[in-house]
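Listing of start-v2.csv, CSV, C-alpha atoms and all ligand atoms
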```
chain,number,residue,atom,x,y,z
K,1,MET,CA,0.0,0.0,0.0
K,2,THR,CA,1.4,3.4,-0.9
K,3,LEU,CA,1.3,6.4,1.5
K,4,ASP,CA,-1.3,8.0,-0.7
K,5,GLN,CA,-3.6,5.0,-0.4
K,6,LYS,CA,-3.0,4.8,3.4
K,7,PHE,CA,-3.1,8.5,4.1
K,8,PRO,CA,-5.0,10.4,1.3
K,9,CYS,CA,-5.8,13.3,3.6
K,10,VAL,CA,-4.9,14.9,6.9
K,11,SER,CA,-7.9,13.4,8.7
K,12,ASP,CA,-6.6,9.9,8.0
K,13,MET,CA,-3.3,11.0,9.5
K,14,GLU,CA,-5.0,12.3,12.6
K,15,ARG,CA,-6.9,9.0,13.1
K,16,ILE,CA,-3.7,6.9,13.0
K,17,ALA,CA,-1.8,9.5,15.0
K,18,LYS,CA,-4.2,8.9,17.9
K,19,LYS,CA,-3.3,5.2,17.8
K,20,ARG,CA,0.4,5.6,17.4
K,21,ILE,CA,1.4,8.1,20.1
K,22,PRO,CA,0.7,8.0,23.9
K,23,LYS,CA,-2.5,9.7,25.0
K,24,PHE,CA,-0.7,12.5,26.9
K,25,ALA,CA,1.2,13.4,23.7
K,26,TYR,CA,-1.9,13.2,21.5
K,27,ASP,CA,-3.9,15.3,24.0
K,28,TYR,CA,-1.1,17.9,24.1
K,29,LEU,CA,-1.3,18.2,20.3
K,30,VAL,CA,-5.1,18.2,19.8
K,31,GLY,CA,-6.2,20.0,22.9
K,32,GLY,CA,-7.5,23.5,23.3
K,33,ILE,CA,-8.4,25.8,26.2
K,34,GLY,CA,-11.6,25.6,28.2
K,35,ASP,CA,-14.5,23.7,26.5
K,36,GLU,CA,-12.5,23.8,23.3
K,37,ALA,CA,-15.2,26.0,21.7
K,38,CYS,CA,-12.6,28.2,20.0
K,39,LEU,CA,-10.8,25.1,18.7
K,40,GLN,CA,-14.1,23.9,17.1
K,41,SER,CA,-14.9,27.4,15.7
K,42,ASN,CA,-11.6,27.3,13.9
K,43,ARG,CA,-12.8,24.2,12.0
K,44,SER,CA,-16.4,25.3,11.5
K,45,SER,CA,-15.1,28.7,10.2
K,46,MET,CA,-13.4,26.8,7.5
K,47,ALA,CA,-16.5,24.8,6.6
K,48,ASP,CA,-18.5,28.0,6.2
K,49,ILE,CA,-16.2,29.3,3.4
K,50,LYS,CA,-17.7,28.3,0.0
K,51,PHE,CA,-16.5,28.8,-3.5
K,52,SER,CA,-18.4,29.4,-6.7
K,53,PRO,CA,-16.6,27.3,-9.4
K,54,HIS,CA,-16.2,28.7,-13.0
K,55,TYR,CA,-16.1,25.8,-15.5
K,56,LEU,CA,-16.3,27.7,-18.8
K,57,ARG,CA,-12.7,28.8,-19.3
K,58,GLU,CA,-10.8,31.1,-21.6
K,59,SER,CA,-7.5,29.2,-21.5
K,60,THR,CA,-6.1,25.7,-21.1
K,61,ASP,CA,-3.4,26.8,-18.7
K,62,ASN,CA,-2.8,24.9,-15.4
K,63,PRO,CA,-3.1,27.0,-12.2
K,64,ASP,CA,0.0,28.6,-10.9
K,65,CYS,CA,0.2,27.7,-7.1
K,66,SER,CA,3.4,29.6,-6.4
K,67,HIS,CA,3.1,32.7,-4.2
K,68,ALA,CA,5.6,35.4,-3.1
K,69,LEU,CA,6.1,36.6,0.4
K,70,PHE,CA,8.9,38.8,1.7
K,71,GLY,CA,10.6,38.5,-1.7
K,72,HIS,CA,10.7,34.7,-1.7
K,73,VAL,CA,8.5,32.9,-4.2
K,74,TYR,CA,7.3,29.8,-2.4
K,75,ASP,CA,5.8,26.7,-4.2
K,76,ALA,CA,2.4,27.4,-2.4
K,77,PRO,CA,1.0,30.0,0.0
K,78,PHE,CA,1.4,27.9,3.1
K,79,GLY,CA,4.1,27.0,5.7
K,80,VAL,CA,4.7,25.2,8.9
K,81,ALA,CA,3.6,27.0,12.1
K,82,PRO,CA,5.8,26.9,15.2
K,83,ILE,CA,5.0,24.0,17.5
K,84,GLY,CA,6.6,24.0,21.0
K,85,PHE,CA,7.8,20.8,22.5
K,86,SER,CA,7.2,19.0,19.2
K,87,GLY,CA,9.7,16.3,20.0
K,88,LEU,CA,7.1,15.0,22.5
K,89,ILE,CA,4.8,14.3,19.5
K,90,TRP,CA,7.5,12.7,17.4
K,91,PRO,CA,11.2,12.8,18.1
K,92,LYS,CA,13.2,15.2,15.8
K,93,SER,CA,10.1,16.3,14.1
K,94,PRO,CA,11.5,19.9,13.6
K,95,GLU,CA,14.5,18.4,11.7
K,96,HIS,CA,12.2,16.2,9.5
K,97,LEU,CA,9.7,19.0,8.8
K,98,ALA,CA,12.5,21.5,8.1
K,99,VAL,CA,14.1,19.2,5.5
K,100,ALA,CA,10.8,18.5,3.8
K,101,ALA,CA,9.9,22.2,3.8
K,102,LYS,CA,13.2,23.1,2.1
K,103,ASN,CA,12.6,20.3,-0.5
K,104,HIS,CA,9.1,21.6,-1.1
K,105,ASN,CA,10.1,25.3,-1.1
K,106,LEU,CA,7.8,26.1,1.8
K,107,PRO,CA,8.7,28.0,5.0
K,108,PHE,CA,9.3,26.1,8.2
K,109,THR,CA,8.9,28.0,11.5
K,110,LEU,CA,10.9,26.6,14.4
K,111,SER,CA,9.4,27.4,17.8
K,112,GLY,CA,11.8,28.9,20.3
K,113,PHE,CA,10.3,26.2,22.6
K,114,ALA,CA,10.9,23.4,20.2
K,115,THR,CA,13.1,20.4,21.2
K,116,SER,CA,15.6,21.3,18.5
K,117,SER,CA,17.8,24.5,18.6
K,118,VAL,CA,17.9,27.2,16.1
K,119,GLU,CA,21.4,25.9,15.1
K,120,ASP,CA,20.1,22.3,14.7
K,121,ILE,CA,17.7,23.6,12.1
K,122,ALA,CA,19.9,26.0,10.2
K,123,ALA,CA,21.3,23.5,7.6
K,124,ALA,CA,18.0,21.5,7.4
K,125,ALA,CA,15.8,24.5,6.5
K,126,GLY,CA,18.2,26.5,4.3
K,127,THR,CA,16.5,29.7,3.1
K,128,CYS,CA,13.0,28.4,4.2
K,129,HIS,CA,14.0,28.9,7.9
K,130,TRP,CA,11.7,31.1,10.0
K,131,PHE,CA,12.3,31.3,13.7
K,132,GLN,CA,9.7,32.0,16.4
K,133,ILE,CA,10.5,33.6,19.7
K,134,TYR,CA,8.6,34.4,22.9
K,135,ILE,CA,9.7,37.6,24.7
K,136,THR,CA,11.5,36.8,27.9
K,137,LYS,CA,12.1,39.0,30.9
K,138,ASP,CA,15.9,38.8,30.4
K,139,ASP,CA,17.0,41.3,27.8
K,140,ASP,CA,20.4,39.6,27.5
K,141,VAL,CA,18.7,36.3,26.7
K,142,ASN,CA,16.4,38.0,24.1
K,143,GLN,CA,19.3,39.6,22.4
K,144,SER,CA,21.5,36.5,22.4
K,145,ILE,CA,18.7,34.4,20.9
K,146,ILE,CA,17.9,37.0,18.2
K,147,GLU,CA,21.6,37.2,17.3
K,148,ARG,CA,21.9,33.3,17.2
K,149,ALA,CA,18.8,33.2,14.9
K,150,GLY,CA,20.5,35.7,12.5
K,151,VAL,CA,23.8,33.7,12.6
K,152,ALA,CA,21.8,30.5,12.0
K,153,GLY,CA,20.4,32.0,8.8
K,154,ALA,CA,16.7,32.5,9.9
K,155,GLU,CA,15.1,34.6,7.2
K,156,VAL,CA,12.1,35.7,9.3
K,157,LEU,CA,11.7,36.4,13.0
K,158,VAL,CA,8.2,35.6,14.3
K,159,VAL,CA,7.5,37.2,17.7
K,160,THR,CA,4.5,35.5,19.4
K,161,VAL,CA,2.6,37.8,21.8
K,162,ASP,CA,-0.5,35.8,22.7
K,163,ILE,CA,0.6,34.1,25.9
K,164,PRO,CA,0.5,36.9,28.5
K,165,THR,CA,-0.1,34.5,31.4
K,166,THR,CA,0.1,30.9,32.4
K,167,THR,CA,-2.3,28.6,30.5
K,168,ARG,CA,-4.7,26.0,32.0
K,169,ARG,CA,-5.5,23.4,29.4
K,170,GLY,CA,-7.8,20.7,30.8
K,171,ARG,CA,-6.5,17.8,28.9
K,172,ASP,CA,-2.9,18.4,29.9
K,173,MET,CA,-3.9,19.0,33.5
K,174,LYS,CA,-5.8,15.7,33.7
K,175,ASN,CA,-2.8,13.9,32.1
K,176,GLY,CA,-0.5,15.5,34.6
K,177,LEU,CA,1.6,16.7,31.6
K,178,SER,CA,4.6,18.7,32.7
K,179,VAL,CA,7.3,20.2,30.6
K,180,PRO,CA,9.8,18.5,30.7
K,181,PRO,CA,7.7,15.4,31.1
K,182,HIS,CA,7.6,13.4,34.3
K,183,PHE,CA,6.9,9.7,33.9
K,184,ASP,CA,4.5,8.2,36.4
K,185,TRP,CA,2.6,4.9,36.1
K,186,GLN,CA,-0.2,6.5,34.1
K,187,THR,CA,2.2,7.8,31.4
K,188,ILE,CA,4.3,4.7,31.4
K,189,CYS,CA,1.2,2.5,30.8
K,190,GLN,CA,0.4,4.8,27.8
K,191,ILE,CA,4.0,4.6,26.5
K,192,VAL,CA,4.2,0.8,26.5
K,193,GLN,CA,1.1,0.6,24.4
K,194,ARG,CA,2.8,2.7,21.7
K,195,PRO,CA,6.0,0.8,20.9
K,196,ALA,CA,7.0,2.7,17.7
K,197,TRP,CA,6.9,6.0,19.6
K,198,ALA,CA,8.6,4.5,22.6
K,199,LEU,CA,11.5,3.2,20.5
K,200,ALA,CA,12.0,6.4,18.6
K,201,SER,CA,11.8,8.5,21.8
K,202,ALA,CA,14.2,6.3,23.6
K,203,ALA,CA,16.7,6.7,20.8
K,204,ALA,CA,16.3,10.5,20.8
K,205,GLY,CA,16.6,10.9,24.6
K,206,VAL,CA,14.6,13.2,26.9
K,207,PRO,CA,13.2,16.1,24.9
K,208,GLN,CA,14.7,19.5,26.0
K,209,PHE,CA,14.3,23.1,25.0
K,210,ARG,CA,17.6,23.2,23.1
K,211,THR,CA,17.6,26.8,22.1
K,212,PHE,CA,17.5,27.7,25.8
K,213,THR,CA,20.1,25.2,26.9
K,214,PRO,CA,22.9,27.8,27.0
K,215,TYR,CA,21.0,30.0,29.5
K,216,MET,CA,19.9,27.2,31.9
K,217,PRO,CA,21.4,27.0,35.3
K,218,VAL,CA,24.3,24.6,35.2
K,219,ASN,CA,23.4,21.0,36.3
K,220,ALA,CA,19.8,22.0,36.7
K,221,SER,CA,17.3,19.3,37.4
K,222,LEU,CA,14.3,18.8,35.1
K,223,ASP,CA,12.1,20.5,37.7
K,224,SER,CA,14.3,23.6,38.1
K,225,THR,CA,14.7,23.8,34.3
K,226,ALA,CA,10.9,24.0,34.0
K,227,GLU,CA,10.6,26.6,36.7
K,228,TYR,CA,13.4,28.7,35.2
K,229,LEU,CA,11.7,28.7,31.8
K,230,ALA,CA,8.2,29.3,33.1
K,231,ASP,CA,9.6,32.3,35.1
K,232,LEU,CA,11.6,33.6,32.1
K,233,VAL,CA,8.6,33.9,29.8
K,234,ASN,CA,6.2,35.1,32.5
K,235,VAL,CA,6.4,38.7,31.3
K,236,PRO,CA,4.0,41.1,29.6
K,237,VAL,CA,4.7,41.9,26.0
K,238,THR,CA,4.9,45.7,26.1
K,239,GLN,CA,5.2,47.9,23.0
K,240,ASP,CA,8.6,48.9,24.3
K,241,ARG,CA,9.8,45.3,24.4
K,242,LEU,CA,8.5,44.7,20.9
K,243,LYS,CA,10.3,47.8,19.7
K,244,ARG,CA,13.5,46.5,21.1
K,245,PHE,CA,13.0,43.3,19.1
K,246,ARG,CA,12.4,45.4,16.0
K,247,ASP,CA,15.7,47.3,16.7
K,248,LEU,CA,17.7,44.1,17.2
K,249,TRP,CA,16.4,42.2,14.1
K,250,PRO,CA,17.4,43.6,10.8
K,251,GLY,CA,15.3,41.1,8.7
K,252,LYS,CA,11.6,40.6,8.3
K,253,LEU,CA,9.7,40.7,11.6
K,254,VAL,CA,6.3,39.1,12.0
K,255,VAL,CA,4.0,39.6,15.1
K,256,LYS,CA,2.0,36.4,15.8
K,257,GLY,CA,-1.2,36.1,17.7
K,258,LEU,CA,-3.0,39.4,17.1
K,259,LEU,CA,-6.8,39.4,17.1
K,260,ASP,CA,-7.6,43.1,17.5
K,261,PRO,CA,-7.4,45.8,14.8
K,262,SER,CA,-5.9,48.4,17.2
K,263,ASP,CA,-3.1,45.9,18.1
K,264,ALA,CA,-2.5,45.3,14.5
K,265,GLN,CA,-2.1,49.1,13.9
K,266,LEU,CA,0.4,49.3,16.9
K,267,ALA,CA,2.4,46.4,15.5
K,268,LYS,CA,2.5,48.2,12.1
K,269,SER,CA,3.6,51.5,13.8
K,270,ILE,CA,6.4,49.6,15.6
K,271,GLY,CA,7.7,48.4,12.2
K,272,ALA,CA,6.4,44.9,11.9
K,273,ASP,CA,6.5,43.6,8.3
K,274,ALA,CA,3.5,41.3,8.8
K,275,ILE,CA,1.2,40.0,11.5
K,276,ILE,CA,-0.3,36.6,11.9
K,277,ILE,CA,-4.0,36.6,12.8
K,278,SER,CA,-4.1,33.6,15.1
K,279,ASN,CA,-5.9,32.4,18.2
K,280,HIS,CA,-3.0,30.0,18.8
K,281,GLY,CA,-5.0,27.0,17.5
K,282,GLY,CA,-7.7,27.6,20.1
K,283,ARG,CA,-5.3,27.1,22.9
K,284,GLN,CA,-5.4,30.4,24.7
K,285,LEU,CA,-8.8,32.1,24.9
K,286,ASP,CA,-11.9,30.0,24.4
K,287,ALA,CA,-13.9,33.1,23.4
K,288,ALA,CA,-11.6,34.3,20.7
K,289,LEU,CA,-12.7,35.0,17.1
K,290,THR,CA,-11.2,33.0,14.2
K,291,ALA,CA,-9.0,34.3,11.5
K,292,PRO,CA,-11.6,34.3,8.7
K,293,GLN,CA,-13.9,36.3,11.0
K,294,LEU,CA,-11.2,38.9,11.4
K,295,ILE,CA,-9.2,39.2,8.2
K,296,SER,CA,-11.2,42.1,6.6
K,297,GLN,CA,-11.3,44.2,9.7
K,298,MET,CA,-7.6,43.7,10.2
K,299,ARG,CA,-6.9,44.6,6.6
K,300,GLU,CA,-8.9,47.8,7.0
K,301,ALA,CA,-6.9,48.7,10.1
K,302,VAL,CA,-3.4,48.2,8.6
K,303,GLY,CA,-4.0,48.9,4.9
K,304,PRO,CA,-2.2,47.1,2.1
K,305,GLU,CA,1.4,47.8,3.1
K,306,ILE,CA,1.9,44.9,5.6
K,307,ALA,CA,1.2,41.3,5.0
K,308,LEU,CA,-1.6,39.5,6.8
K,309,LEU,CA,-0.9,35.9,7.6
K,310,ALA,CA,-3.5,33.6,9.2
K,311,ASP,CA,-3.8,30.3,10.9
K,312,GLY,CA,-6.1,28.0,12.8
K,313,GLY,CA,-8.1,25.0,11.7
K,314,ILE,CA,-6.5,24.5,8.3
K,315,ARG,CA,-6.4,20.8,7.5
K,316,SER,CA,-6.3,20.6,3.7
K,317,GLY,CA,-5.3,22.3,0.5
K,318,LEU,CA,-8.9,23.3,0.2
K,319,ASP,CA,-8.7,25.1,3.6
K,320,VAL,CA,-5.5,26.9,2.5
K,321,ALA,CA,-7.5,28.1,-0.5
K,322,ARG,CA,-10.4,29.1,1.7
K,323,MET,CA,-8.2,31.2,4.0
K,324,MET,CA,-6.4,32.8,1.1
K,325,ALA,CA,-9.7,33.6,-0.6
K,326,SER,CA,-10.8,35.3,2.7
K,327,GLY,CA,-8.0,37.8,2.3
K,328,ALA,CA,-4.9,36.2,3.9
K,329,ASP,CA,-1.5,36.8,2.2
K,330,PHE,CA,-0.1,33.5,3.4
K,331,VAL,CA,-1.2,30.8,5.9
K,332,LEU,CA,0.4,28.5,8.4
K,333,LEU,CA,-0.7,25.1,9.6
K,334,GLY,CA,0.3,23.6,13.0
K,335,ARG,CA,-1.5,20.4,13.9
K,336,ALA,CA,-1.8,19.1,10.3
K,337,PHE,CA,2.0,18.6,10.0
K,338,MET,CA,2.2,17.1,13.4
K,339,PHE,CA,-0.5,14.5,12.7
K,340,ALA,CA,1.6,13.4,9.7
K,341,MET,CA,4.7,13.1,11.9
K,342,ALA,CA,2.8,11.1,14.5
K,343,ALA,CA,1.1,8.9,12.0
K,344,MET,CA,4.1,8.1,9.8
K,345,GLY,CA,7.3,9.3,11.5
K,346,PRO,CA,9.9,10.9,9.3
K,347,LYS,CA,8.1,9.9,6.1
K,348,GLY,CA,5.1,11.9,7.2
K,349,ALA,CA,6.8,15.3,6.6
K,350,ASP,CA,7.2,14.9,2.9
K,351,HIS,CA,3.9,13.1,2.4
K,352,VAL,CA,1.8,15.7,4.1
K,353,MET,CA,3.4,18.4,2.0
K,354,ASN,CA,2.7,16.5,-1.2
K,355,VAL,CA,-0.9,16.0,-0.1
K,356,LEU,CA,-1.5,19.6,0.8
K,357,LYS,CA,0.1,20.9,-2.4
K,358,ALA,CA,-1.9,18.4,-4.5
K,359,GLU,CA,-5.2,19.4,-2.8
K,360,PHE,CA,-4.4,23.1,-3.2
K,361,GLU,CA,-3.7,22.7,-6.9
K,362,ILE,CA,-6.8,20.6,-7.5
K,363,THR,CA,-8.9,23.2,-5.7
K,364,LEU,CA,-7.6,26.0,-7.9
K,365,ALA,CA,-8.2,23.9,-11.0
K,366,GLN,CA,-11.6,22.8,-9.8
K,367,ILE,CA,-12.9,26.3,-9.3
K,368,GLY,CA,-11.1,27.7,-12.4
K,369,CYS,CA,-8.7,30.0,-10.6
K,370,MET,CA,-5.4,30.3,-12.4
K,371,ARG,CA,-3.5,32.5,-9.9
K,372,VAL,CA,-3.4,32.4,-6.1
K,373,SER,CA,-4.0,36.2,-5.9
K,374,ASP,CA,-7.3,35.7,-7.8
K,375,LEU,CA,-8.8,33.4,-5.2
K,376,PRO,CA,-11.0,36.1,-3.5
K,377,LYS,CA,-12.9,36.4,-6.8
K,378,PHE,CA,-14.2,32.9,-6.4
K,379,LEU,CA,-15.6,33.3,-2.8
K,380,ILE,CA,-19.3,33.2,-2.4
K,401,LIG,C1,1.0,21.5,20.4
K,401,LIG,C2,1.1,23.0,19.9
K,401,LIG,C3,2.2,23.7,20.3
K,401,LIG,C4,2.3,25.0,19.9
K,401,LIG,N1,3.4,25.8,20.2
K,401,LIG,C5,3.5,27.0,19.7
K,401,LIG,C6,4.7,27.7,20.0
K,401,LIG,O1,5.7,27.3,20.6
K,401,LIG,N2,4.8,29.0,19.5
K,401,LIG,C7,3.8,29.6,18.8
K,401,LIG,O2,3.9,30.7,18.4
K,401,LIG,N3,2.6,28.9,18.6
K,401,LIG,C8,2.5,27.6,19.0
K,401,LIG,N4,1.4,26.9,18.7
K,401,LIG,C9,0.3,27.5,17.8
K,401,LIG,C10,0.6,27.2,16.3
K,401,LIG,O3,1.8,27.9,15.9
K,401,LIG,C11,-0.5,27.7,15.4
K,401,LIG,O4,-0.9,29.0,15.7
K,401,LIG,C12,-1.7,26.8,15.6
K,401,LIG,O5,-1.3,25.4,15.7
K,401,LIG,C13,-2.6,26.9,14.3
K,401,LIG,O6,-3.7,26.1,14.4
K,401,LIG,P1,-3.8,24.6,13.8
K,401,LIG,O7,-3.1,23.7,14.7
K,401,LIG,O8,-5.3,24.3,13.8
K,401,LIG,O9,-3.3,24.7,12.4
K,401,LIG,C14,1.2,25.6,19.1
K,401,LIG,C15,0.1,24.8,18.7
K,401,LIG,C16,0.1,23.5,19.1
K,401,LIG,C17,-1.1,22.7,18.6
```

Could I get this file's structure written as C-alpha cells?
Ligand SMILES: Cc1cc2nc3c(=O)[nH]c(=O)nc-3n(C[C@H](O)[C@H](O)[C@H](O)COP(=O)(O)O)c2cc1C
Amino acid sequence: MTLDQKFPCVSDMERIAKKRIPKFAYDYLVGGIGDEACLQSNRSSMADIKFSPHYLRESTDNPDCSHALFGHVYDAPFGVAPIGFSGLIWPKSPEHLAVAAKNHNLPFTLSGFATSSVEDIAAAAGTCHWFQIYITKDDDVNQSIIERAGVAGAEVLVVTVDIPTTTRRGRDMKNGLSVPPHFDWQTICQIVQRPAWALASAAAGVPQFRTFTPYMPVNASLDSTAEYLADLVNVPVTQDRLKRFRDLWPGKLVVKGLLDPSDAQLAKSIGADAIIISNHGGRQLDAALTAPQLISQMREAVGPEIALLADGGIRSGLDVARMMASGADFVLLGRAFMFAMAAMGPKGADHVMNVLKAEFEITLAQIGCMRVSDLPKFLI
C-alpha cells in the first residue's frame, strides 16, 4: 500500500496519530483551552467558506500555485507554524519538517520552545527557515537568541505575543503533563502501548528546549529547568519590548497572535512587516474569534502595506484556498503537520506536504482559478 492509499488526507493521518502516540502526547497536540469552543470554531469557520466554481474557461493553462512573500517565491502559499515541544509528539520532528519544507520550497517556522535548537535547524531548513521567539524578561537572553537566529540564517523572526499569562488546558492537567515530562505509572502505561513512539523517543533521549540550553542553570534538574523557563517567559509583552526586538532584528519581523485591529495598527507602527492573525490554534482564549472572521477588519486597520498571515483549523489544501480567498496573504498550519509526523514518523513530513500541495492545486483547477491572488474572486 502506498502512503497515498493509506493517508490520502490529513484526517486519515489524525486518526492513525491517535493510535500511534501516547494519550498524553496526542492530547497535548489536539487539545484546546476551556471547553474547546474556539478550537471547534476554527474548524467550523473553514467549513463556512464556500466557492463558486467557474467551469467555462478562456484558456487551457494549469493553475500557478506559487506565491511570493517577503521577496521569496514559495511553491504554495502555506508553511509550517511553530509548535513548541514538538519532540514529544514525534522525536526530531522539527528536523524532518525543516528538510521537507526546504525540498518543497515552503517556509518552516521553528518554535523557540521546540526540542531542537535554532542551530540544529539551520542547515536543514536553508532559506526556508523562520524562527519564532517568545519575549522573555531577560534582555540579554532575548538579544542572544535573536543574534543566534541571525547567525543560523533564519530569514524571518516571528514574535509570538498571545501568551500573556500561564495557561490552563484541561487535557494536559488531567494527564499530569509537565514540561519537561515526568513519567508516572499512568504515562508509562500509555507509553508501553505505543512501541514505535517509545523506541523512537528512547533513541532520541529526553526532549529538551535546546535553544534555551545555554541559558539554563548549570546541572539544573528537570524541575528547576521547567521553573526557570516558566519564570523567564512570565512577562507582559509591552510595546517597548516589541520595539527592542524590532531594533535588534534587521530582517523581516512578524508579530504572531494578534486578534484586534488596534493591536495590528500598533504592530505596524512599531515596524512589523507582517502580522499573523491567530488564536494559537484555540489554545489560549476560548472566546476568541477566528482568522476568517477577522481578516477584513484587520486589513482595513493596517492597509495594504503589511502582509496579513493567518492560521487556525487548516487541515487541507482546500482550507488553504479558503483562508487565502478570505484575504490572507499567506497561511500556516500547525497540527496538520504534526498529525503526519505522529502517523508516519519521518516519512510523514514529505507526504503531508505532497498531499496539501496536490489538494491546493486541485482546488484551484476545480474552481477555475489560475493564480493564487485571484482566489478572493471565487468566494461566495
Ligand atoms: C501543540 C502545539 C504547540 C504550539 N506551540 C507554539 C509555539 O511554541 N509558539 C507559537 O507561536 N505557537 C504555537 N502553537 C500555535 C501554532 O503555531 C498555530 O498557531 C496553531 O497550531 C494553528 O492552528 P492549527 O493547529 O489548527 O493549524 C502551538 C500549537 C500547538 C497545537

Output the neighbourhood of ligand LIG 401 (chain K) as an mmCIF file with C-alpha atoms, keeping the file's coordinate frame, that is, all protein and nucleic acid residues with some atom at most 6 Å from the ligand, counting only C-alpha atoms and all ligand atoms.
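Printed below is selection-v3.cif as written:
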```cif
data_model
loop_
_atom_site.group_PDB
_atom_site.id
_atom_site.type_symbol
_atom_site.label_atom_id
_atom_site.label_comp_id
_atom_site.auth_asym_id
_atom_site.auth_seq_id
_atom_site.Cartn_x
_atom_site.Cartn_y
_atom_site.Cartn_z
ATOM 1 C CA TYR K 28 -1.100 17.900 24.100
ATOM 2 C CA LEU K 29 -1.300 18.200 20.300
ATOM 3 C CA ALA K 81 3.600 27.000 12.100
ATOM 4 C CA PRO K 82 5.800 26.900 15.200
ATOM 5 C CA ILE K 83 5.000 24.000 17.500
ATOM 6 C CA GLY K 84 6.600 24.000 21.000
ATOM 7 C CA SER K 111 9.400 27.400 17.800
ATOM 8 C CA PHE K 113 10.300 26.200 22.600
ATOM 9 C CA THR K 160 4.500 35.500 19.400
ATOM 10 C CA SER K 278 -4.100 33.600 15.100
ATOM 11 C CA HIS K 280 -3.000 30.000 18.800
ATOM 12 C CA GLY K 281 -5.000 27.000 17.500
ATOM 13 C CA ASP K 311 -3.800 30.300 10.900
ATOM 14 C CA GLY K 312 -6.100 28.000 12.800
ATOM 15 C CA GLY K 313 -8.100 25.000 11.700
ATOM 16 C CA ILE K 314 -6.500 24.500 8.300
ATOM 17 C CA LEU K 333 -0.700 25.100 9.600
ATOM 18 C CA GLY K 334 0.300 23.600 13.000
ATOM 19 C CA ARG K 335 -1.500 20.400 13.900
#
```

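Atom pair CA of Ile277 (chain K) / CA of Val352 (chain K): separated by 23.4 Å.
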
Discussion item. Could you list, as a VMD selection string, every residue within 6 Å of region 184-197 of chain K, counting all atoms listed in the file and ignoring same-chain residues fewer than 3 positions away?
Written reply: chain K and resid 20 to 22 200 to 201

Write the residues you've just listed into a file as a short mmCIF file (atom, residue, chain, number, x, y, z; two decimals), in the coordinates of the input, and include C-alpha atoms for each of them.
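The resulting part.cif:
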```cif
data_model
loop_
_atom_site.label_atom_id
_atom_site.label_comp_id
_atom_site.auth_asym_id
_atom_site.auth_seq_id
_atom_site.Cartn_x
_atom_site.Cartn_y
_atom_site.Cartn_z
CA ARG K 20 0.40 5.60 17.40
CA ILE K 21 1.40 8.10 20.10
CA PRO K 22 0.70 8.00 23.90
CA ALA K 200 12.00 6.40 18.60
CA SER K 201 11.80 8.50 21.80
#
```

Check which residues of region 250-354 of chain K sit at most 9 Å from region 45-55 of chain K using only C-alpha atoms, and return one row each with the closest pair of atoms and their distance in Å to one decimal, ordered by chain and rising number, as a Markdown table.
```
| residue | atom | partner | partner_atom | distance |
| --- | --- | --- | --- | --- |
| K:Thr290 | CA | K:Ser45 | CA | 7.0 |
| K:Ala291 | CA | K:Ser45 | CA | 8.4 |
| K:Pro292 | CA | K:Ser45 | CA | 6.8 |
| K:Gln293 | CA | K:Ser45 | CA | 7.7 |
| K:Gly313 | CA | K:Met46 | CA | 7.0 |
| K:Ile314 | CA | K:Met46 | CA | 7.3 |
| K:Asp319 | CA | K:Met46 | CA | 6.3 |
| K:Arg322 | CA | K:Ile49 | CA | 6.0 |
| K:Met323 | CA | K:Met46 | CA | 7.7 |
| K:Ala325 | CA | K:Ile49 | CA | 8.8 |
| K:Ser326 | CA | K:Ile49 | CA | 8.1 |
```

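Atom pair CA of Ile163 (chain K) / CA of Pro207 (chain K): separated by 22.0 Å.
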
Could you list, with a cut-off of 12 Å and counting all atoms listed in the file, the residues of region 15-90 of chain K near region 173-178 of chain K, each shown with its nearest atom pair and the distance in Å rounded to one decimal, rows sorted by chain and ascending number, as a Markdown table?
```
| residue | atom | partner | partner_atom | distance |
| --- | --- | --- | --- | --- |
| K:Pro22 | CA | K:Asn175 | CA | 10.7 |
| K:Lys23 | CA | K:Asn175 | CA | 8.3 |
| K:Phe24 | CA | K:Asn175 | CA | 5.8 |
| K:Ala25 | CA | K:Leu177 | CA | 8.6 |
| K:Tyr26 | CA | K:Asn175 | CA | 10.7 |
| K:Asp27 | CA | K:Asn175 | CA | 8.3 |
| K:Tyr28 | CA | K:Leu177 | CA | 8.1 |
| K:Leu29 | CA | K:Leu177 | CA | 11.8 |
| K:Gly31 | CA | K:Met173 | CA | 10.9 |
| K:Gly32 | CA | K:Met173 | CA | 11.7 |
| K:Ile33 | CA | K:Met173 | CA | 10.9 |
| K:Gly34 | CA | K:Met173 | CA | 11.4 |
| K:Phe85 | CA | K:Ser178 | CA | 10.9 |
| K:Leu88 | CA | K:Leu177 | CA | 10.8 |
```

Can I get the selection written as a CSV table (one decimal), in the frame of the given file, with C-alpha atoms?
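Here's the written file result_38.csv:
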```csv
chain,number,residue,atom,x,y,z
K,22,PRO,CA,0.7,8.0,23.9
K,23,LYS,CA,-2.5,9.7,25.0
K,24,PHE,CA,-0.7,12.5,26.9
K,25,ALA,CA,1.2,13.4,23.7
K,26,TYR,CA,-1.9,13.2,21.5
K,27,ASP,CA,-3.9,15.3,24.0
K,28,TYR,CA,-1.1,17.9,24.1
K,29,LEU,CA,-1.3,18.2,20.3
K,31,GLY,CA,-6.2,20.0,22.9
K,32,GLY,CA,-7.5,23.5,23.3
K,33,ILE,CA,-8.4,25.8,26.2
K,34,GLY,CA,-11.6,25.6,28.2
K,85,PHE,CA,7.8,20.8,22.5
K,88,LEU,CA,7.1,15.0,22.5
```

**Prompt:** For the point (-6.4, 45.6, 16.5) in file coordinates, what residues are within 10 Å, counting all atoms listed in the file? Give the answer as a PyMOL selection string?
**Reply:** chain K and resi 258-267+294+297-299+301-302

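Taking all atoms listed in the file into account, Ala149 (chain K) lies nearest to K:Trp249 out of the set K:Tyr228, K:Phe378, K:Phe78, K:Trp249.
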
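With all atoms listed in the file taken into account, every residue lying no more than 8 Å from the file point (18.6, 20.3, 22.2) is included here: K:Thr115, K:Ser116, K:Ser117, K:Asp120, K:Pro207, K:Gln208, K:Phe209, K:Arg210, K:Thr211, K:Thr213.
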
Take the residues from that selection and put them in a file with C-alpha atoms, as a CSV table (one decimal), in the coordinates of the input.
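The file below, out_5.csv, is the result:
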```csv
chain,number,residue,atom,x,y,z
K,115,THR,CA,13.1,20.4,21.2
K,116,SER,CA,15.6,21.3,18.5
K,117,SER,CA,17.8,24.5,18.6
K,120,ASP,CA,20.1,22.3,14.7
K,207,PRO,CA,13.2,16.1,24.9
K,208,GLN,CA,14.7,19.5,26.0
K,209,PHE,CA,14.3,23.1,25.0
K,210,ARG,CA,17.6,23.2,23.1
K,211,THR,CA,17.6,26.8,22.1
K,213,THR,CA,20.1,25.2,26.9
```
